[in-house]
>>> print(open('upload-v5.cif').read())   # mmCIF, C-alpha atoms and all ligand atoms
data_input
loop_
_atom_site.group_PDB
_atom_site.id
_atom_site.type_symbol
_atom_site.label_atom_id
_atom_site.label_comp_id
_atom_site.auth_asym_id
_atom_site.auth_seq_id
_atom_site.Cartn_x
_atom_site.Cartn_y
_atom_site.Cartn_z
ATOM 1 C CA MET A 1 17.886 26.426 -29.870
ATOM 2 C CA MET A 2 16.757 24.446 -32.924
ATOM 3 C CA THR A 3 14.826 25.767 -35.910
ATOM 4 C CA LYS A 4 13.358 23.820 -38.821
ATOM 5 C CA ASN A 5 10.630 24.791 -41.326
ATOM 6 C CA ASP A 6 9.451 27.909 -39.442
ATOM 7 C CA CYS A 7 9.295 26.173 -36.109
ATOM 8 C CA SER A 8 11.697 26.577 -33.183
ATOM 9 C CA VAL A 9 12.484 24.830 -29.932
ATOM 10 C CA TYR A 10 13.993 26.933 -27.148
ATOM 11 C CA PRO A 11 15.186 24.537 -24.436
ATOM 12 C CA ILE A 12 15.272 25.611 -20.799
ATOM 13 C CA ILE A 13 17.876 23.531 -19.021
ATOM 14 C CA VAL A 14 18.373 23.901 -15.274
ATOM 15 C CA PRO A 15 20.943 21.885 -13.263
ATOM 16 C CA ALA A 16 19.387 19.120 -11.170
ATOM 17 C CA PRO A 17 20.595 16.879 -8.312
ATOM 18 C CA TYR A 18 20.430 13.059 -7.779
ATOM 19 C CA GLY A 19 22.070 12.108 -11.066
ATOM 20 C CA LEU A 20 19.209 13.656 -13.050
ATOM 21 C CA LYS A 21 21.765 16.073 -14.579
ATOM 22 C CA SER A 22 19.157 18.697 -15.496
ATOM 23 C CA TYR A 23 15.498 19.614 -15.517
ATOM 24 C CA ASN A 24 14.602 20.221 -19.149
ATOM 25 C CA PHE A 25 11.511 21.933 -20.440
ATOM 26 C CA TYR A 26 10.842 23.516 -23.773
ATOM 27 C CA LEU A 27 9.298 26.452 -25.556
ATOM 28 C CA TYR A 28 7.935 25.302 -28.899
ATOM 29 C CA LYS A 29 7.251 28.209 -31.220
ATOM 30 C CA GLN A 30 5.285 28.203 -34.438
ATOM 31 C CA ALA A 31 3.508 30.981 -36.285
ATOM 32 C CA GLY A 32 0.681 32.030 -33.984
ATOM 33 C CA SER A 33 1.504 29.880 -30.968
ATOM 34 C CA LEU A 34 4.083 29.510 -28.228
ATOM 35 C CA SER A 35 3.671 26.285 -26.265
ATOM 36 C CA LEU A 36 5.474 25.400 -23.077
ATOM 37 C CA ILE A 37 6.144 21.672 -22.917
ATOM 38 C CA ASP A 38 6.560 20.734 -19.238
ATOM 39 C CA ALA A 39 7.248 23.338 -16.588
ATOM 40 C CA GLY A 40 10.317 22.393 -14.501
ATOM 41 C CA ILE A 41 10.287 22.509 -10.705
ATOM 42 C CA ASP A 42 8.760 25.253 -8.616
ATOM 43 C CA SER A 43 12.015 27.164 -7.958
ATOM 44 C CA ASP A 44 13.314 30.668 -8.606
ATOM 45 C CA GLU A 45 16.126 29.133 -10.651
ATOM 46 C CA CYS A 46 13.649 27.498 -13.057
ATOM 47 C CA TRP A 47 11.524 30.617 -13.155
ATOM 48 C CA ASP A 48 14.524 32.877 -13.916
ATOM 49 C CA SER A 49 15.737 30.480 -16.626
ATOM 50 C CA LEU A 50 12.338 30.499 -18.285
ATOM 51 C CA CYS A 51 12.103 34.315 -18.162
ATOM 52 C CA GLN A 52 15.659 34.687 -19.474
ATOM 53 C CA THR A 53 15.057 32.287 -22.385
ATOM 54 C CA LEU A 54 11.872 34.120 -23.305
ATOM 55 C CA LYS A 55 13.707 37.478 -23.159
ATOM 56 C CA GLN A 56 16.555 36.236 -25.396
ATOM 57 C CA HIS A 57 13.996 35.616 -28.102
ATOM 58 C CA GLY A 58 12.055 38.827 -27.574
ATOM 59 C CA LEU A 59 9.197 37.057 -25.795
ATOM 60 C CA GLU A 60 7.390 37.300 -22.456
ATOM 61 C CA ILE A 61 5.355 35.023 -20.187
ATOM 62 C CA THR A 62 2.186 36.548 -21.630
ATOM 63 C CA ASP A 63 3.174 35.276 -25.105
ATOM 64 C CA ILE A 64 2.730 31.653 -23.959
ATOM 65 C CA THR A 65 -0.441 30.291 -25.565
ATOM 66 C CA GLU A 66 -0.676 26.887 -23.826
ATOM 67 C CA MET A 67 1.123 24.441 -21.573
ATOM 68 C CA ILE A 68 1.419 20.751 -22.382
ATOM 69 C CA VAL A 69 2.520 18.340 -19.683
ATOM 70 C CA THR A 70 4.236 14.972 -20.274
ATOM 71 C CA HIS A 71 3.258 13.600 -16.830
ATOM 72 C CA ASN A 72 2.257 14.604 -13.319
ATOM 73 C CA HIS A 73 5.633 14.446 -11.511
ATOM 74 C CA HIS A 74 6.484 17.593 -9.571
ATOM 75 C CA ASP A 75 9.633 18.285 -11.617
ATOM 76 C CA HIS A 76 7.530 18.649 -14.774
ATOM 77 C CA VAL A 77 4.713 20.893 -13.566
ATOM 78 C CA GLY A 78 6.525 23.150 -11.069
ATOM 79 C CA LEU A 79 5.859 26.513 -12.727
ATOM 80 C CA VAL A 80 2.286 25.911 -13.906
ATOM 81 C CA ASN A 81 0.692 27.885 -11.046
ATOM 82 C CA ARG A 82 3.180 30.776 -11.335
ATOM 83 C CA ILE A 83 2.540 31.103 -15.056
ATOM 84 C CA CYS A 84 -1.252 30.874 -14.685
ATOM 85 C CA ALA A 85 -1.145 33.574 -11.999
ATOM 86 C CA ILE A 86 0.154 35.940 -14.712
ATOM 87 C CA LYS A 87 -1.832 34.593 -17.636
ATOM 88 C CA GLU A 88 -4.507 31.896 -17.646
ATOM 89 C CA VAL A 89 -3.591 29.600 -20.528
ATOM 90 C CA PRO A 90 -4.955 26.126 -21.280
ATOM 91 C CA VAL A 91 -3.035 23.302 -19.591
ATOM 92 C CA TYR A 92 -3.192 19.955 -21.379
ATOM 93 C CA ALA A 93 -2.373 16.586 -19.778
ATOM 94 C CA HIS A 94 -3.455 12.951 -19.738
ATOM 95 C CA GLU A 95 -6.735 12.127 -17.999
ATOM 96 C CA ASP A 96 -4.838 10.213 -15.277
ATOM 97 C CA SER A 97 -2.777 13.349 -14.485
ATOM 98 C CA ILE A 98 -5.830 15.313 -13.435
ATOM 99 C CA CYS A 99 -6.717 13.552 -10.153
ATOM 100 C CA ARG A 100 -3.048 13.757 -9.161
ATOM 101 C CA LEU A 101 -2.444 17.386 -10.133
ATOM 102 C CA LYS A 102 -5.730 18.519 -8.594
ATOM 103 C CA ARG A 103 -4.872 16.544 -5.419
ATOM 104 C CA ASP A 104 -8.218 14.742 -5.533
ATOM 105 C CA LYS A 105 -8.914 13.479 -1.987
ATOM 106 C CA GLU A 106 -10.858 10.414 -3.053
ATOM 107 C CA PHE A 107 -8.098 9.350 -5.434
ATOM 108 C CA PHE A 108 -5.358 9.801 -2.833
ATOM 109 C CA SER A 109 -7.193 7.681 -0.293
ATOM 110 C CA LEU A 110 -7.622 4.968 -2.975
ATOM 111 C CA ARG A 111 -3.905 5.301 -3.664
ATOM 112 C CA VAL A 112 -2.922 4.792 -0.008
ATOM 113 C CA GLN A 113 -5.188 1.724 0.095
ATOM 114 C CA PHE A 114 -3.630 0.464 -3.146
ATOM 115 C CA PHE A 115 -0.095 0.568 -1.716
ATOM 116 C CA LYS A 116 -1.165 -0.939 1.607
ATOM 117 C CA GLN A 117 -2.544 -3.967 -0.232
ATOM 118 C CA LEU A 118 0.401 -4.119 -2.661
ATOM 119 C CA TYR A 119 3.010 -4.203 0.117
ATOM 120 C CA GLU A 120 1.019 -6.693 2.200
ATOM 121 C CA GLU A 121 0.546 -9.056 -0.747
ATOM 122 C CA ASN A 122 4.252 -8.887 -1.497
ATOM 123 C CA GLY A 123 5.317 -9.742 2.044
ATOM 124 C CA CYS A 124 6.886 -6.358 2.881
ATOM 125 C CA GLY A 125 5.914 -6.366 6.590
ATOM 126 C CA ALA A 126 7.132 -3.417 8.684
ATOM 127 C CA ALA A 127 8.955 -1.742 5.781
ATOM 128 C CA GLY A 128 5.705 -1.643 3.827
ATOM 129 C CA GLU A 129 3.751 -0.265 6.788
ATOM 130 C CA LYS A 130 6.376 2.472 7.231
ATOM 131 C CA GLN A 131 6.044 3.427 3.567
ATOM 132 C CA VAL A 132 2.245 3.588 3.840
ATOM 133 C CA GLU A 133 2.603 6.003 6.794
ATOM 134 C CA ARG A 134 4.963 8.122 4.685
ATOM 135 C CA LEU A 135 2.385 8.164 1.894
ATOM 136 C CA LYS A 136 -0.351 9.305 4.275
ATOM 137 C CA ASP A 137 1.872 12.195 5.438
ATOM 138 C CA SER A 138 2.692 13.188 1.874
ATOM 139 C CA VAL A 139 -1.014 13.503 1.027
ATOM 140 C CA VAL A 140 -1.158 16.347 3.578
ATOM 141 C CA GLN A 141 2.303 17.792 2.770
ATOM 142 C CA ASN A 142 1.745 17.941 -0.989
ATOM 143 C CA GLU A 143 -1.606 19.689 -0.784
ATOM 144 C CA LYS A 144 0.277 22.948 -1.436
ATOM 145 C CA ASN A 145 1.359 21.664 -4.879
ATOM 146 C CA LYS A 146 -2.197 21.485 -6.148
ATOM 147 C CA ILE A 147 -2.611 22.888 -9.656
ATOM 148 C CA LYS A 148 -5.167 25.640 -9.408
ATOM 149 C CA THR A 149 -6.209 26.031 -13.024
ATOM 150 C CA ASP A 150 -8.400 23.589 -14.955
ATOM 151 C CA ILE A 151 -6.591 20.828 -16.834
ATOM 152 C CA LEU A 152 -7.820 19.694 -20.242
ATOM 153 C CA PRO A 153 -7.488 15.957 -20.909
ATOM 154 C CA ILE A 154 -5.746 14.769 -24.074
ATOM 155 C CA HIS A 155 -5.133 11.296 -25.478
ATOM 156 C CA GLU A 156 -3.575 9.310 -28.297
ATOM 157 C CA THR A 157 -5.620 10.519 -31.278
ATOM 158 C CA HIS A 158 -5.317 14.199 -30.331
ATOM 159 C CA THR A 159 -3.055 16.823 -31.811
ATOM 160 C CA VAL A 160 -2.106 19.750 -29.574
ATOM 161 C CA ALA A 161 -0.331 22.812 -30.964
ATOM 162 C CA GLY A 162 0.544 20.753 -34.033
ATOM 163 C CA LEU A 163 2.058 17.950 -31.967
ATOM 164 C CA ARG A 164 0.771 14.388 -32.105
ATOM 165 C CA VAL A 165 -0.035 12.981 -28.677
ATOM 166 C CA ILE A 166 1.638 9.604 -28.094
ATOM 167 C CA GLU A 167 0.545 7.706 -24.999
ATOM 168 C CA THR A 168 3.641 6.243 -23.355
ATOM 169 C CA PRO A 169 2.609 4.759 -19.986
ATOM 170 C CA GLY A 170 5.286 3.039 -17.903
ATOM 171 C CA HIS A 171 7.374 5.587 -16.024
ATOM 172 C CA SER A 172 3.983 6.902 -14.880
ATOM 173 C CA PRO A 173 0.459 5.798 -15.878
ATOM 174 C CA ASP A 174 -0.284 9.220 -17.387
ATOM 175 C CA HIS A 175 2.884 9.611 -19.419
ATOM 176 C CA LEU A 176 2.629 11.253 -22.841
ATOM 177 C CA ALA A 177 5.198 12.070 -25.500
ATOM 178 C CA PHE A 178 4.627 14.713 -28.163
ATOM 179 C CA PHE A 179 5.654 14.143 -31.756
ATOM 180 C CA ASP A 180 6.371 16.647 -34.492
ATOM 181 C CA ALA A 181 6.349 14.293 -37.494
ATOM 182 C CA GLU A 182 7.334 16.964 -40.002
ATOM 183 C CA ARG A 183 10.512 17.896 -38.143
ATOM 184 C CA LYS A 184 11.105 14.418 -36.676
ATOM 185 C CA TRP A 185 11.207 15.823 -33.164
ATOM 186 C CA LEU A 186 9.918 13.922 -30.152
ATOM 187 C CA PHE A 187 9.372 15.479 -26.730
ATOM 188 C CA GLY A 188 10.019 12.419 -24.610
ATOM 189 C CA GLY A 189 9.518 13.551 -20.978
ATOM 190 C CA ASP A 190 10.875 10.872 -18.638
ATOM 191 C CA HIS A 191 10.057 7.993 -20.954
ATOM 192 C CA LEU A 192 13.288 8.485 -22.896
ATOM 193 C CA ILE A 193 16.408 9.647 -21.049
ATOM 194 C CA SER A 194 19.901 8.977 -22.355
ATOM 195 C CA HIS A 195 22.043 8.727 -19.190
ATOM 196 C CA ILE A 196 19.706 6.916 -16.773
ATOM 197 C CA SER A 197 16.957 4.347 -17.167
ATOM 198 C CA SER A 198 13.422 5.647 -16.613
ATOM 199 C CA ASN A 199 12.098 3.825 -13.575
ATOM 200 C CA ALA A 200 8.802 2.131 -14.315
ATOM 201 C CA ILE A 201 7.239 3.256 -11.050
ATOM 202 C CA ILE A 202 4.269 1.262 -9.756
ATOM 203 C CA GLU A 203 1.192 3.442 -9.490
ATOM 204 C CA PRO A 204 -2.553 2.791 -9.666
ATOM 205 C CA ASP A 205 -4.641 4.165 -12.508
ATOM 206 C CA ARG A 206 -7.222 6.825 -11.671
ATOM 207 C CA ASN A 207 -9.655 4.144 -10.446
ATOM 208 C CA GLY A 208 -7.121 2.608 -8.069
ATOM 209 C CA ASN A 209 -6.391 -0.431 -10.238
ATOM 210 C CA ARG A 210 -2.943 -1.912 -10.670
ATOM 211 C CA ILE A 211 -1.191 -1.449 -14.002
ATOM 212 C CA LEU A 212 1.533 -3.816 -15.197
ATOM 213 C CA THR A 213 3.957 -0.920 -15.240
ATOM 214 C CA LEU A 214 7.115 -2.489 -16.632
ATOM 215 C CA ILE A 215 5.183 -4.265 -19.373
ATOM 216 C CA LYS A 216 3.534 -0.981 -20.343
ATOM 217 C CA TYR A 217 6.955 0.697 -20.301
ATOM 218 C CA ARG A 218 8.350 -1.901 -22.710
ATOM 219 C CA GLU A 219 5.329 -1.565 -24.998
ATOM 220 C CA SER A 220 5.720 2.219 -24.969
ATOM 221 C CA LEU A 221 9.386 1.840 -25.943
ATOM 222 C CA GLN A 222 8.433 -0.451 -28.829
ATOM 223 C CA LYS A 223 5.803 2.065 -29.909
ATOM 224 C CA CYS A 224 8.357 4.911 -29.994
ATOM 225 C CA ALA A 225 10.782 2.727 -31.954
ATOM 226 C CA LYS A 226 8.281 2.819 -34.839
ATOM 227 C CA LEU A 227 8.376 6.633 -35.065
ATOM 228 C CA ASP A 228 10.712 8.354 -37.496
ATOM 229 C CA VAL A 229 12.640 10.507 -34.996
ATOM 230 C CA GLU A 230 15.847 12.495 -35.461
ATOM 231 C CA THR A 231 15.970 14.284 -32.127
ATOM 232 C CA VAL A 232 14.401 13.476 -28.785
ATOM 233 C CA PHE A 233 14.048 16.359 -26.346
ATOM 234 C CA PRO A 234 14.050 14.557 -22.993
ATOM 235 C CA GLY A 235 12.885 15.631 -19.530
ATOM 236 C CA HIS A 236 16.413 15.300 -18.129
ATOM 237 C CA GLY A 237 19.961 15.226 -19.534
ATOM 238 C CA ASP A 238 21.242 15.384 -23.107
ATOM 239 C CA PHE A 239 19.227 15.350 -26.317
ATOM 240 C CA ILE A 240 18.983 11.921 -27.938
ATOM 241 C CA HIS A 241 19.964 11.377 -31.588
ATOM 242 C CA ASP A 242 20.076 7.571 -31.695
ATOM 243 C CA LEU A 243 16.647 6.623 -30.408
ATOM 244 C CA GLN A 244 16.655 3.095 -31.869
ATOM 245 C CA GLN A 245 19.909 2.255 -30.095
ATOM 246 C CA LEU A 246 18.668 3.666 -26.794
ATOM 247 C CA ILE A 247 15.424 1.699 -26.987
ATOM 248 C CA SER A 248 17.155 -1.550 -27.804
ATOM 249 C CA ASN A 249 19.572 -1.021 -24.856
ATOM 250 C CA ARG A 250 16.683 -0.370 -22.480
ATOM 251 C CA LEU A 251 14.837 -3.519 -23.611
ATOM 252 C CA ILE A 252 17.986 -5.634 -23.226
ATOM 253 C CA LYS A 253 18.559 -4.235 -19.727
ATOM 254 C CA THR A 254 15.090 -5.306 -18.528
ATOM 255 C CA ASP A 255 15.633 -8.789 -19.960
ATOM 256 C CA GLU A 256 18.970 -9.047 -18.158
ATOM 257 C CA LYS A 257 17.538 -7.925 -14.839
ATOM 258 C CA ALA A 258 14.588 -10.302 -15.182
ATOM 259 C CA GLU A 259 17.048 -13.184 -15.777
ATOM 260 C CA LYS A 260 18.936 -12.291 -12.579
ATOM 261 C CA LEU A 261 15.709 -12.285 -10.578
ATOM 262 C CA LEU A 262 14.757 -15.626 -12.080
ATOM 263 C CA ARG A 263 18.057 -17.076 -10.746
ATOM 264 C CA LEU A 264 17.098 -15.856 -7.253
ATOM 265 C CA ILE A 265 13.671 -17.479 -7.533
ATOM 266 C CA GLU A 266 15.325 -20.725 -8.652
ATOM 267 C CA THR A 267 17.481 -20.662 -5.518
ATOM 268 C CA GLY A 268 14.424 -20.449 -3.262
ATOM 269 C CA HIS A 269 13.681 -16.747 -2.761
ATOM 270 C CA SER A 270 9.971 -16.735 -3.340
ATOM 271 C CA THR A 271 8.410 -13.388 -2.358
ATOM 272 C CA ALA A 272 9.020 -9.976 -3.947
ATOM 273 C CA ASN A 273 10.212 -8.693 -0.566
ATOM 274 C CA GLU A 274 12.788 -11.493 -0.119
ATOM 275 C CA ILE A 275 14.058 -10.916 -3.631
ATOM 276 C CA ALA A 276 14.240 -7.147 -3.053
ATOM 277 C CA LEU A 277 16.273 -7.612 0.145
ATOM 278 C CA VAL A 278 18.827 -9.806 -1.630
ATOM 279 C CA PHE A 279 18.954 -7.901 -4.914
ATOM 280 C CA TYR A 280 18.935 -4.343 -3.561
ATOM 281 C CA LYS A 281 20.691 -4.765 -0.194
ATOM 282 C CA ARG A 282 21.739 -1.141 0.197
ATOM 283 C CA GLN A 283 18.897 0.668 -1.555
ATOM 284 C CA TYR A 284 16.125 -1.364 0.134
ATOM 285 C CA GLU A 285 15.912 0.828 3.206
ATOM 286 C CA ASN A 286 16.318 4.286 1.633
ATOM 287 C CA GLU A 287 14.619 3.756 -1.710
ATOM 288 C CA PHE A 288 11.988 1.244 -0.665
ATOM 289 C CA SER A 289 9.179 2.258 -3.030
ATOM 290 C CA LEU A 290 11.488 2.444 -6.055
ATOM 291 C CA VAL A 291 13.078 -0.906 -5.175
ATOM 292 C CA MET A 292 9.667 -2.599 -4.849
ATOM 293 C CA SER A 293 8.561 -1.088 -8.180
ATOM 294 C CA GLU A 294 11.599 -2.569 -9.904
ATOM 295 C CA ILE A 295 11.191 -6.017 -8.347
ATOM 296 C CA ILE A 296 7.416 -6.323 -8.757
ATOM 297 C CA GLY A 297 7.620 -4.909 -12.292
ATOM 298 C CA HIS A 298 10.216 -7.473 -13.351
ATOM 299 C CA LEU A 299 8.261 -10.290 -11.659
ATOM 300 C CA ASP A 300 5.180 -9.231 -13.661
ATOM 301 C CA TYR A 301 7.322 -9.410 -16.774
ATOM 302 C CA LEU A 302 8.658 -12.904 -15.921
ATOM 303 C CA GLU A 303 5.073 -13.986 -15.360
ATOM 304 C CA THR A 304 3.830 -12.665 -18.728
ATOM 305 C CA ILE A 305 6.646 -14.428 -20.583
ATOM 306 C CA ASN A 306 5.747 -17.632 -18.672
ATOM 307 C CA LYS A 307 9.048 -17.991 -16.833
ATOM 308 C CA VAL A 308 7.442 -17.923 -13.377
ATOM 309 C CA GLU A 309 4.082 -18.472 -11.773
ATOM 310 C CA LYS A 310 2.721 -17.140 -8.512
ATOM 311 C CA THR A 311 0.422 -18.508 -5.844
ATOM 312 C CA LEU A 312 -1.209 -16.727 -2.934
ATOM 313 C CA LYS A 313 -0.311 -18.285 0.437
ATOM 314 C CA ASN A 314 -1.636 -16.642 3.599
ATOM 315 C CA GLY A 315 -2.278 -13.454 1.636
ATOM 316 C CA VAL A 316 1.263 -13.236 0.196
ATOM 317 C CA TRP A 317 2.334 -13.959 -3.405
ATOM 318 C CA HIS A 318 4.984 -16.646 -3.762
ATOM 319 C CA TYR A 319 6.823 -17.032 -7.045
ATOM 320 C CA SER A 320 8.206 -20.267 -8.443
ATOM 321 C CA PRO A 321 9.982 -21.106 -11.715
ATOM 322 C CA ASN A 322 7.799 -22.492 -14.488
HETATM 323 ZN ZN ZN B 401 8.948 11.577 -13.852
#
>>> encode(input="upload-v5.cif", output="structure tokens")
Amino acid sequence: MMTKNDCSVYPIIVPAPYGLKSYNFYLYKQAGSLSLIDAGIDSDECWDSLCQTLKQHGLEITDITEMIVTHNHHDHVGLVNRICAIKEVPVYAHEDSICRLKRDKEFFSLRVQFFKQLYEENGCGAAGEKQVERLKDSVVQNEKNKIKTDILPIHETHTVAGLRVIETPGHSPDHLAFFDAERKWLFGGDHLISHISSNAIIEPDRNGNRILTLIKYRESLQKCAKLDVETVFPGHGDFIHDLQQLISNRLIKTDEKAEKLLRLIETGHSTANEIALVFYKRQYENEFSLVMSEIIGHLDYLETINKVEKTLKNGVWHYSPN
């Protein structure tokens, strides 16, 4: 727990698999309001942790006055429906979260089409087709995760529960961070994590258009570097006290990876798929969509800094050094 100038943060930290360390979400209490920032996964363990944390501070679920969501991923919105079943409170998120959280059919068919084209244009062949089939199945499977309550859109110039909304696209197109300037606290979601890099996952915007994800991610990092922050409360793992250092490490890491990919292009690997196969031998099969996000994202970056150019041959992008 942290308290400063009549405001408290009660973290809820639940162990998580896959190197995530923990699922973190936060109660943010001021006079007259109790906000829940993110909502863990939909598990009894998360639910019990939330209830226990509330109880420790003499509070109950019904004391929550609103929920604020950093982004649409399932491990950040898991308890929203359970909480709203007890008490309907406003749920705030980015506009691009809404079609995803409400499982909008039109959007999800655009999204399948988006990935089909993306993988074809990057020469992914059978692996891409397999991933598109997986995506089609997940549209049906994930229907059960639909958020039932209405979601209120928020953006950059808004303040919610006293927190400044900071748009931080990159890890996801709808990613937001929430800034308490007075206390120098930043709720960073998955944009800022100390022990692992936040994957800049390729996703379409709500109209099905491609976003230059890694470039957005870097811009969002540079934006956060300008904030006067003492503590970052992240979506996973330990709290961050040296934000500037973390940001500069993350920026250096993308430059280093881009350089390595450039070497591969110089030695004749010209499509994103060929580069992915060489660079991510072992992960290619099991983590295909993540691998392609990393490769395509870094190729976008090399293109914007004029290190490579691409040409479309028989419907597939080929990269060459500039
Ligand atoms: Zn996430």
>>> resolve_selection(input="upload-v5.cif", expression="the PyMOL selection byres (((not hetatm)) within 12 of (chain B and resi 401))", output="PyMOL selection string")
chain A and resi 20+23-24+38+40-41+69-77+97+169-176+188-193+197-201+234-236
>>> atom_distance(input="upload-v5.cif", atom1="atom CA of Gly297 of chain A", atom2="atom CA of Ser248 of chain A")
18.5 Å
>>> residues_around(input="upload-v5.cif", residues="Gln131 of chain A", least_positions_apart="6", cutoff="12 Å", atoms="all atoms listed in the file", output="list in words")
Val112, Gln113, Phe115, Lys116, Gln117, Leu118, Tyr119, Glu120, Cys124, Gly125, Asp137, Ser138, Tyr284, Glu285, Asn286, Glu287, Phe288, Ser289, Leu290 and Met292 of chain A
>>> residues_around(input="upload-v5.cif", residues="Ser22 of chain A", least_positions_apart="5", cutoff="6 Å", atoms="all atoms listed in the file", output="number ranges by chain")
A: 14-16, 236-237
>>> residues_around(input="upload-v5.cif", residues="Asn122 of chain A", least_positions_apart="6", cutoff="10 Å", atoms="all atoms listed in the file", output="ChimeraX atom specification")
/A:128,270-274,292,296,312,315-318
>>> write_last_selection(input="upload-v5.cif", atoms="C-alpha atoms", output="compact mmCIF listing (two decimals), in the coordinates of the input")
# COMPACT_ATOMS: atom_id res chain seq x y z
CA GLY A 128 5.70 -1.64 3.83
CA SER A 270 9.97 -16.74 -3.34
CA THR A 271 8.41 -13.39 -2.36
CA ALA A 272 9.02 -9.98 -3.95
CA ASN A 273 10.21 -8.69 -0.57
CA GLU A 274 12.79 -11.49 -0.12
CA MET A 292 9.67 -2.60 -4.85
CA ILE A 296 7.42 -6.32 -8.76
CA LEU A 312 -1.21 -16.73 -2.93
CA GLY A 315 -2.28 -13.45 1.64
CA VAL A 316 1.26 -13.24 0.20
CA TRP A 317 2.33 -13.96 -3.40
CA HIS A 318 4.98 -16.65 -3.76
>>> resolve_selection(input="upload-v5.cif", expression="the PyMOL selection byres (((chain A and resi 92) around 6) and not hetatm)", output="ChimeraX atom specification")
/A:68,91,93,151-153
